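S.K.: This one is final.cif, mmCIF, C-alpha atoms.
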data_data
loop_
_atom_site.label_atom_id
_atom_site.label_comp_id
_atom_site.auth_asym_id
_atom_site.auth_seq_id
_atom_site.Cartn_x
_atom_site.Cartn_y
_atom_site.Cartn_z
CA MET G 1 0.00 0.00 0.00
CA ASP G 2 1.20 3.49 -0.82
CA SER G 3 1.95 5.39 2.35
CA SER G 4 3.26 8.59 0.70
CA PRO G 5 1.81 11.81 2.01
CA GLN G 6 -1.28 13.00 0.21
CA THR G 7 -3.01 16.29 0.85
CA GLU G 8 -6.33 17.57 -0.46
CA LEU G 9 -6.25 21.31 -0.97
CA TYR G 10 -9.35 23.46 -1.27
CA PHE G 11 -8.45 26.84 -2.71
CA ILE G 12 -11.27 29.19 -1.71
CA ARG G 13 -11.45 32.72 -3.06
CA HIS G 14 -12.63 35.32 -0.53
CA GLY G 15 -16.26 36.48 -0.63
CA ILE G 16 -17.69 39.56 -2.30
CA ALA G 17 -16.03 42.64 -0.76
CA ALA G 18 -16.54 46.40 -0.78
CA ASN G 19 -15.53 48.00 -4.07
CA ARG G 20 -11.96 49.01 -4.79
CA GLY G 21 -11.31 52.62 -3.89
CA THR G 22 -13.86 52.73 -1.09
CA TYR G 23 -11.12 52.16 1.50
CA ALA G 24 -7.78 53.95 1.68
CA GLN G 25 -5.98 50.62 2.03
CA ASP G 26 -6.95 47.78 -0.31
CA ARG G 27 -6.06 45.36 2.49
CA GLU G 28 -8.84 46.81 4.65
CA ARG G 29 -11.78 46.21 2.32
CA PRO G 30 -14.37 44.11 4.23
CA LEU G 31 -16.95 41.64 2.93
CA THR G 32 -20.33 43.01 1.99
CA GLU G 33 -23.51 41.66 3.58
CA LYS G 34 -24.10 39.56 0.46
CA GLY G 35 -20.51 38.35 0.64
CA ARG G 36 -20.95 37.28 4.27
CA LEU G 37 -24.21 35.44 3.62
CA ARG G 38 -22.89 33.64 0.56
CA THR G 39 -19.67 32.66 2.32
CA ARG G 40 -21.69 31.10 5.14
CA ALA G 41 -23.84 29.18 2.64
CA ILE G 42 -20.74 27.87 0.87
CA GLY G 43 -19.22 26.82 4.19
CA ASP G 44 -22.40 24.96 5.15
CA ARG G 45 -22.47 23.20 1.79
CA LEU G 46 -18.83 22.16 1.98
CA VAL G 47 -19.45 20.67 5.41
CA GLN G 48 -22.55 18.88 4.08
CA LEU G 49 -20.43 17.46 1.23
CA GLY G 50 -18.07 15.97 3.80
CA CYS G 51 -15.22 18.36 3.02
CA ARG G 52 -14.21 19.38 6.54
CA VAL G 53 -10.53 20.26 6.67
CA GLU G 54 -7.92 20.08 9.44
CA LEU G 55 -6.88 23.69 9.07
CA ILE G 56 -7.75 26.83 7.11
CA LEU G 57 -4.78 28.88 5.96
CA THR G 58 -5.69 32.46 5.24
CA SER G 59 -4.35 35.57 3.61
CA PRO G 60 -3.98 38.38 6.16
CA LEU G 61 -6.16 40.80 4.15
CA VAL G 62 -9.42 41.73 5.86
CA ARG G 63 -11.70 40.26 3.18
CA ALA G 64 -9.89 36.91 3.32
CA HIS G 65 -9.67 36.92 7.09
CA GLN G 66 -13.41 37.59 7.40
CA THR G 67 -14.11 34.80 4.88
CA THR G 68 -12.08 32.45 7.06
CA GLN G 69 -13.89 33.47 10.24
CA ILE G 70 -17.24 32.70 8.62
CA LEU G 71 -15.98 29.32 7.37
CA LEU G 72 -14.84 28.52 10.93
CA GLU G 73 -18.30 29.47 12.23
CA ALA G 74 -19.74 27.03 9.66
CA ASP G 75 -17.44 24.40 11.24
CA LEU G 76 -15.43 23.80 8.06
CA ALA G 77 -12.33 23.49 10.25
CA PRO G 78 -11.46 23.57 13.94
CA THR G 79 -8.87 26.30 13.50
CA SER G 80 -7.06 28.65 11.13
CA ALA G 81 -3.63 30.18 10.65
CA THR G 82 -2.68 33.41 8.89
CA LEU G 83 0.12 33.18 6.31
CA GLU G 84 1.64 36.26 4.70
CA VAL G 85 2.47 34.18 1.59
CA LEU G 86 -1.27 33.99 0.84
CA ALA G 87 -1.47 37.79 0.40
CA PRO G 88 -1.64 38.92 -3.26
CA GLY G 89 1.57 38.10 -5.13
CA GLY G 90 2.74 35.36 -2.74
CA GLU G 91 4.79 32.55 -4.26
CA LEU G 92 3.77 28.90 -4.22
CA GLN G 93 7.40 27.80 -3.85
CA HIS G 94 7.62 29.54 -0.49
CA TRP G 95 4.48 27.84 0.72
CA LEU G 96 5.68 24.39 -0.34
CA SER G 97 8.32 24.44 2.39
CA TRP G 98 5.49 24.99 4.88
CA LEU G 99 3.64 22.07 3.26
CA THR G 100 6.69 19.83 3.58
CA ASP G 101 6.70 20.32 7.33
CA TRP G 102 2.93 19.90 7.56
CA GLN G 103 3.03 16.61 5.63
CA MET G 104 5.68 15.25 8.01
CA ALA G 105 3.19 15.55 10.85
CA HIS G 106 0.00 14.95 8.80
CA PRO G 107 0.66 12.41 6.03
CA VAL G 108 -2.97 12.35 4.93
CA SER G 109 -4.96 15.51 5.44
CA ARG G 110 -7.15 18.23 4.03
CA LEU G 111 -6.43 21.94 4.03
CA ALA G 112 -8.31 25.00 2.85
CA LEU G 113 -6.41 28.03 1.52
CA VAL G 114 -8.34 31.29 1.54
CA GLY G 115 -6.89 34.01 -0.65
CA HIS G 116 -7.02 36.02 -3.85
CA GLU G 117 -7.06 35.88 -7.61
CA PRO G 118 -5.16 35.49 -9.82
CA ASP G 119 -2.86 33.86 -7.26
CA LEU G 120 -5.06 30.95 -6.19
CA SER G 121 -5.80 29.65 -9.68
CA HIS G 122 -2.15 30.27 -10.60
CA TRP G 123 -0.94 28.16 -7.64
CA ALA G 124 -3.43 25.42 -8.52
CA GLN G 125 -2.27 25.38 -12.13
CA LEU G 126 1.39 25.22 -11.11
CA LEU G 127 0.58 22.19 -8.98
CA VAL G 128 -1.45 20.45 -11.71
CA HIS G 129 0.42 21.52 -14.85
CA GLY G 130 3.76 23.01 -13.78
CA GLN G 131 2.82 26.35 -15.32
CA GLY G 132 0.14 29.00 -14.95
CA SER G 133 -2.28 30.73 -17.31
CA HIS G 134 -5.25 33.06 -17.11
CA ASN G 135 -7.54 30.36 -18.45
CA TRP G 136 -9.14 29.10 -15.24
CA ARG G 137 -12.03 31.16 -13.89
CA LEU G 138 -12.34 31.24 -10.10
CA LYS G 139 -15.19 33.46 -8.93
CA LYS G 140 -15.49 34.95 -5.46
CA THR G 141 -16.29 32.15 -2.96
CA GLY G 142 -15.52 29.68 -5.75
CA VAL G 143 -13.48 26.59 -4.90
CA ILE G 144 -10.69 24.68 -6.66
CA GLY G 145 -9.88 21.19 -5.34
CA VAL G 146 -6.41 19.75 -5.94
CA GLU G 147 -4.94 16.51 -4.64
CA VAL G 148 -1.26 16.92 -3.88
CA PRO G 149 1.45 14.24 -3.50
CA PRO G 150 4.55 14.84 -1.32
CA ALA G 151 5.40 18.55 -1.50
CA LYS G 152 8.78 18.00 -3.18
CA ASP G 153 7.01 16.34 -6.15
CA ALA G 154 3.85 18.45 -6.09
CA ILE G 155 4.51 20.85 -8.99
CA GLY G 156 3.13 19.37 -12.20
CA HIS G 157 2.06 16.14 -10.48
CA SER G 158 -1.07 17.13 -8.59
CA THR G 159 -4.61 16.28 -9.67
CA LEU G 160 -7.47 18.70 -10.29
CA PHE G 161 -10.70 17.21 -8.94
CA TRP G 162 -12.94 20.30 -8.54
CA LEU G 163 -13.38 23.73 -10.03
CA ALA G 164 -16.65 25.10 -8.79
CA PRO G 165 -18.25 28.53 -9.04
CA PRO G 166 -20.45 29.46 -6.07
CA GLN G 167 -23.49 28.71 -8.24
CA LEU G 168 -22.62 24.98 -8.00
CA LEU G 169 -22.26 25.10 -4.24
CA LEU G 170 -25.42 27.01 -3.28
CA MET S 1 -18.97 45.20 -28.54
CA ASP S 2 -17.31 41.90 -29.30
CA SER S 3 -19.43 39.87 -31.69
CA SER S 4 -17.00 36.95 -32.07
CA PRO S 5 -18.50 33.51 -31.72
CA GLN S 6 -18.47 32.11 -28.22
CA THR S 7 -19.55 28.62 -27.30
CA GLU S 8 -20.03 27.07 -23.88
CA LEU S 9 -19.13 23.39 -23.91
CA TYR S 10 -20.26 20.94 -21.25
CA PHE S 11 -18.19 17.77 -21.46
CA ILE S 12 -20.26 15.07 -19.76
CA ARG S 13 -18.81 11.64 -19.11
CA HIS S 14 -21.29 8.77 -19.61
CA GLY S 15 -22.98 7.22 -16.56
CA ILE S 16 -21.97 4.10 -14.65
CA ALA S 17 -22.06 1.15 -17.06
CA ALA S 18 -21.89 -2.65 -16.87
CA ASN S 19 -18.40 -3.91 -16.05
CA ARG S 20 -15.84 -4.46 -18.75
CA GLY S 21 -15.85 -8.02 -20.01
CA THR S 22 -19.53 -8.60 -19.35
CA TYR S 23 -20.35 -7.89 -23.01
CA ALA S 24 -18.56 -9.31 -26.04
CA GLN S 25 -18.27 -5.83 -27.52
CA ASP S 26 -17.12 -2.98 -25.28
CA ARG S 27 -19.28 -0.66 -27.38
CA GLU S 28 -22.40 -2.53 -26.28
CA ARG S 29 -22.05 -2.13 -22.50
CA PRO S 30 -25.24 -0.43 -21.21
CA LEU S 31 -25.76 1.82 -18.19
CA THR S 32 -26.58 0.12 -14.91
CA GLU S 33 -29.73 1.03 -12.99
CA LYS S 34 -27.64 3.24 -10.69
CA GLY S 35 -26.06 4.80 -13.77
CA ARG S 36 -29.46 5.61 -15.24
CA LEU S 37 -30.83 7.11 -12.03
CA ARG S 38 -27.75 9.23 -11.41
CA THR S 39 -27.67 10.46 -15.01
CA ARG S 40 -31.28 11.60 -14.70
CA ALA S 41 -30.52 13.41 -11.44
CA ILE S 42 -27.53 15.16 -13.03
CA GLY S 43 -29.67 16.17 -16.02
CA ASP S 44 -32.34 17.61 -13.73
CA ARG S 45 -29.73 19.54 -11.76
CA LEU S 46 -28.11 20.99 -14.89
CA VAL S 47 -31.51 22.19 -16.09
CA GLN S 48 -32.19 23.69 -12.66
CA LEU S 49 -28.85 25.51 -12.84
CA GLY S 50 -29.94 27.10 -16.11
CA CYS S 51 -27.53 25.09 -18.26
CA ARG S 52 -29.87 23.96 -21.03
CA VAL S 53 -27.95 23.50 -24.27
CA GLU S 54 -28.93 23.79 -27.93
CA LEU S 55 -27.68 20.34 -28.84
CA ILE S 56 -26.15 17.25 -27.25
CA LEU S 57 -23.39 15.63 -29.28
CA THR S 58 -22.85 12.02 -28.35
CA SER S 59 -20.43 9.18 -28.82
CA PRO S 60 -22.09 6.28 -30.65
CA LEU S 61 -21.25 3.75 -27.90
CA VAL S 62 -24.31 2.36 -26.11
CA ARG S 63 -23.38 3.74 -22.66
CA ALA S 64 -22.94 7.25 -24.07
CA HIS S 65 -26.02 7.04 -26.26
CA GLN S 66 -28.15 5.94 -23.30
CA THR S 67 -26.70 8.78 -21.20
CA THR S 68 -27.73 11.22 -23.93
CA GLN S 69 -31.25 9.81 -24.16
CA ILE S 70 -31.72 10.30 -20.41
CA LEU S 71 -30.38 13.87 -20.60
CA LEU S 72 -32.88 14.56 -23.40
CA GLU S 73 -35.69 13.17 -21.22
CA ALA S 74 -34.55 15.58 -18.49
CA ASP S 75 -34.97 18.36 -21.10
CA LEU S 76 -31.30 19.35 -21.08
CA ALA S 77 -31.56 19.87 -24.86
CA PRO S 78 -34.23 19.67 -27.56
CA THR S 79 -32.20 17.26 -29.68
CA SER S 80 -28.99 15.28 -30.10
CA ALA S 81 -26.60 14.17 -32.83
CA THR S 82 -24.26 11.19 -32.89
CA LEU S 83 -20.65 11.89 -33.87
CA GLU S 84 -18.14 9.09 -34.49
CA VAL S 85 -15.32 11.45 -33.44
CA LEU S 86 -16.66 11.25 -29.86
CA ALA S 87 -15.98 7.51 -29.68
CA PRO S 88 -12.83 6.59 -27.68
CA GLY S 89 -9.67 7.86 -29.35
CA GLY S 90 -11.39 10.55 -31.42
CA GLU S 91 -9.35 13.66 -32.18
CA LEU S 92 -10.30 17.17 -31.13
CA GLN S 93 -8.83 18.64 -34.31
CA HIS S 94 -11.38 16.75 -36.40
CA TRP S 95 -14.25 18.00 -34.28
CA LEU S 96 -13.10 21.63 -34.52
CA SER S 97 -14.03 21.69 -38.20
CA TRP S 98 -17.56 20.67 -37.17
CA LEU S 99 -17.48 23.48 -34.56
CA THR S 100 -16.40 26.03 -37.17
CA ASP S 101 -19.52 25.29 -39.20
CA TRP S 102 -21.72 25.27 -36.11
CA GLN S 103 -20.40 28.67 -34.96
CA MET S 104 -21.18 30.17 -38.38
CA ALA S 105 -24.86 29.44 -37.80
CA HIS S 106 -24.84 29.80 -33.99
CA PRO S 107 -22.43 32.56 -32.92
CA VAL S 108 -23.41 32.28 -29.24
CA SER S 109 -24.53 28.90 -28.03
CA ARG S 110 -24.18 26.04 -25.59
CA LEU S 111 -23.39 22.45 -26.45
CA ALA S 112 -23.04 19.27 -24.40
CA LEU S 113 -20.57 16.57 -25.50
CA VAL S 114 -21.24 13.10 -24.08
CA GLY S 115 -18.33 10.70 -24.32
CA HIS S 116 -15.47 8.89 -22.63
CA GLU S 117 -12.33 9.26 -20.61
CA PRO S 118 -9.51 10.01 -21.01
CA ASP S 119 -10.66 11.72 -24.22
CA LEU S 120 -13.03 14.30 -22.74
CA SER S 121 -10.61 15.71 -20.18
CA HIS S 122 -7.86 15.57 -22.82
CA TRP S 123 -9.96 17.61 -25.28
CA ALA S 124 -10.84 20.09 -22.55
CA GLN S 125 -7.17 20.50 -21.60
CA LEU S 126 -6.15 21.00 -25.23
CA LEU S 127 -8.72 23.77 -25.48
CA VAL S 128 -7.65 25.45 -22.23
CA HIS S 129 -3.90 24.80 -22.20
CA GLY S 130 -2.91 23.62 -25.68
CA GLN S 131 -1.70 20.29 -24.27
CA GLY S 132 -3.13 17.35 -22.38
CA SER S 133 -2.21 15.50 -19.18
CA HIS S 134 -3.67 12.85 -16.91
CA ASN S 135 -4.01 15.36 -14.10
CA TRP S 136 -7.71 16.23 -14.38
CA ARG S 137 -10.14 13.79 -12.77
CA LEU S 138 -13.50 13.44 -14.53
CA LYS S 139 -15.73 10.84 -12.87
CA LYS S 140 -18.65 9.12 -14.55
CA THR S 141 -21.49 11.66 -15.02
CA GLY S 142 -19.01 14.35 -14.04
CA VAL S 143 -19.00 17.59 -16.01
CA ILE S 144 -16.27 19.91 -17.33
CA GLY S 145 -17.35 23.37 -18.50
CA VAL S 146 -15.19 25.23 -21.03
CA GLU S 147 -15.88 28.54 -22.77
CA VAL S 148 -14.57 28.49 -26.32
CA PRO S 149 -13.77 31.41 -28.63
CA PRO S 150 -13.92 31.03 -32.45
CA ALA S 151 -12.91 27.45 -33.30
CA LYS S 152 -9.80 28.49 -35.23
CA ASP S 153 -8.40 30.13 -32.06
CA ALA S 154 -9.85 27.67 -29.56
CA ILE S 155 -6.80 25.55 -28.72
CA GLY S 156 -4.98 27.07 -25.76
CA HIS S 157 -7.34 30.05 -25.57
CA SER S 158 -10.46 28.58 -23.98
CA THR S 159 -11.50 29.11 -20.36
CA LEU S 160 -12.19 26.43 -17.77
CA PHE S 161 -15.18 27.46 -15.66
CA TRP S 162 -16.34 24.11 -14.15
CA LEU S 163 -14.93 20.77 -13.22
CA ALA S 164 -17.54 18.96 -11.20
CA PRO S 165 -17.76 15.40 -9.94
CA PRO S 166 -21.33 14.05 -9.70
CA GLN S 167 -21.17 14.59 -5.94
CA LEU S 168 -21.33 18.37 -6.56
CA LEU S 169 -24.31 18.06 -8.86
CA LEU S 170 -26.56 15.76 -6.81
#
Could you show the structure in this file as structure tokens?

M.R.:
Amino acid sequence: MDSSPQTELYFIRHGIAANRGTYAQDRERPLTEKGRLRTRAIGDRLVQLGCRVELILTSPLVRAHQTTQILLEADLAPTSATLEVLAPGGELQHWLSWLTDWQMAHPVSRLALVGHEPDLSHWAQLLVHGQGSHNWRLKKTGVIGVEVPPAKDAIGHSTLFWLAPPQLLL
Amino acid sequence: MDSSPQTELYFIRHGIAANRGTYAQDRERPLTEKGRLRTRAIGDRLVQLGCRVELILTSPLVRAHQTTQILLEADLAPTSATLEVLAPGGELQHWLSWLTDWQMAHPVSRLALVGHEPDLSHWAQLLVHGQGSHNWRLKKTGVIGVEVPPAKDAIGHSTLFWLAPPQLLL
């Protein structure tokens, strides 16, 4: 039997947030009421589908952090951690060293990553194809599911099993 | 305003069929009872999601043809057409000449393609990335959604907007 580490990743884009330009700092834009409600509904549906995760990793930006808090309230995970590398422009390669350590302690697990576009779909494409493009569409509160082998082999050798707009999860 | 042709493709893998080896001809394997019921449920859900299509194109193999008949009964489309190129091993390039003609008459439209793995996910990846891999997982009655520009430019310039296992559609 194969006992190599295997991790299911759920890339979740933050919910609908206040428009650009309405806050002095882009990082401070919060979710709208609609964004909060939809995020909760998506969290409930993911739990219903049996997709609870061990940990939610979140971008430090307010709209991602709020998304994560709502997903925790929906019981998608018992806890979360904030990672600066999930802020816009963060590099997958830096996160893979975190994943290496995680997989040592958790050979088989599920994680959710809450962040931003185009980074999330770019990371997912690097894992699945070894290169990125702008040809995957991840809407706000949309989810990409990728199954990842040991972190050192992950790039280009992961498997895409979901790409879902919120419409499919409501 | 852009008036270029744009086509939404729903690649739908046939439903659960009788095991390999139970029929002398692989082409003749029919759907199981579970396969029929699940296909109907997926058809109903696609209609509910507003994904009716103009036409279902189907592989001539029995399990694909039966899948198409059930999707027609669910009112996913008004009609279907059988294309030999959708049988296992068929080449996308050959189908794109069909699509060119279709787009002349139907600049904006939706089509469903019912067929087999690994061909469907390979075609979808050629459209989105210009090359294929085994890294997309399309389960039986699963659906891949791809938005396609004019057929002559389609390879490598299409957009992935769905990859859904049946679990997400039931």

S.K.: Would you mind listing what lies within 8 Å of stretch 135-152 of chain G as a PyMOL selection string, with only C-alpha atoms counted and same-chain residues fewer than 3 positions away left out?

M.R.: (chain G and resi 4-16+38-39+42+96-97+99-100+103+117+121+124+127-128+155+157-166) or (chain S and resi 128-129+157-161)

S.K.: Which residues, written as a short mmCIF file (atom, residue, chain, number, x, y, z; two decimals) with C-alpha atoms, in the frame of the given file, have at least one atom at most 10 Å from G:Leu49, with only C-alpha atoms counted and residues fewer than 4 positions away on the same chain left out?

M.R.:
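See around33.cif below for the written result:
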data_model
loop_
_atom_site.label_atom_id
_atom_site.label_comp_id
_atom_site.auth_asym_id
_atom_site.auth_seq_id
_atom_site.Cartn_x
_atom_site.Cartn_y
_atom_site.Cartn_z
CA GLY G 43 -19.22 26.82 4.19
CA ASP G 44 -22.40 24.96 5.15
CA ARG G 45 -22.47 23.20 1.79
CA LEU G 169 -22.26 25.10 -4.24
CA GLN S 167 -21.17 14.59 -5.94
CA LEU S 168 -21.33 18.37 -6.56
#

S.K.: Please evaluate the PyMOL selection byres ((chain S and resi 79) around 12) against the displayed coordinates and give the resulting residues as a list in words.

M.R.: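 Taken on the displayed file, the PyMOL selection byres ((chain S and resi 79) around 12) yields the residues Arg52, Val53, Glu54, Leu55, Ile56, Leu57, Thr58, Thr68, Gln69, Ile70, Leu71, Leu72, Glu73, Ala74, Asp75, Leu76, Ala77, Pro78, Ser80, Ala81, Thr82, Leu111 and Ala112 of chain S.
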
S.K.: What gap, in Å, lies between atom CA of G:Asp26 and atom CA of G:Leu61?

M.R.: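 Answer for the atom CA of G:Asp26 to atom CA of G:Leu61 separation: 8.3 Å.
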
S.K.: Which one of G:Ala105, G:Ala64, G:Ala17, G:Cys51 sits closest to chain S if you count all atoms listed in the file?

M.R.: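 Under the stated criterion, the closest residue is G:Cys51.
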
S.K.: Have a look at atom CA of S:Trp98 and atom CA of S:Gln25 and let me know their distance in Å, one decimal.

M.R.: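 These two atoms are separated by 28.2 Å.
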
S.K.: Would you place a box with edges along x, y and z of the file around all atoms of stretch 93-101 of chain S listed there, add 8 Å to each of its six sides, and report the centre and edge lengths in Å to one decimal, as lines of an AutoDock Vina configuration file?

M.R.:
center_x = -14.2
center_y = 21.4
center_z = -36.7
size_x = 26.7
size_y = 25.3
size_z = 20.9

S.K.: Record the distance separating atom CA of S:Gly156 and atom CA of S:Glu91, expressed in Å with one decimal.

M.R.: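 Atom CA of S:Glu91 lies at a distance of 15.5 Å from atom CA of S:Gly156.
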
S.K.: Given all atoms listed in the file as the basis, pick out the residue of G:Trp95, G:Gln48, G:Gly90, G:Leu83 nearest to chain S.

M.R.: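 Of G:Trp95, G:Gln48, G:Gly90, G:Leu83, the one nearest chain S is G:Gln48, counting all atoms listed in the file.
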
S.K.: Identify which of the residues G:Ala41, G:Leu92, G:Leu46, G:Leu31 lies closest to chain S, counting only C-alpha atoms when measuring atom-to-atom distances.

M.R.: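 Residue with the minimum atom-to-atom distance to chain S: G:Leu46.
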
S.K.: Give the answer as one residue: which of S:Pro107, S:Gly35, S:Gly50, S:Pro88 has the shortest atom-to-atom distance to chain G, using all atoms listed in the file?

M.R.: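 The answer is S:Gly50, which sits nearest to chain G.
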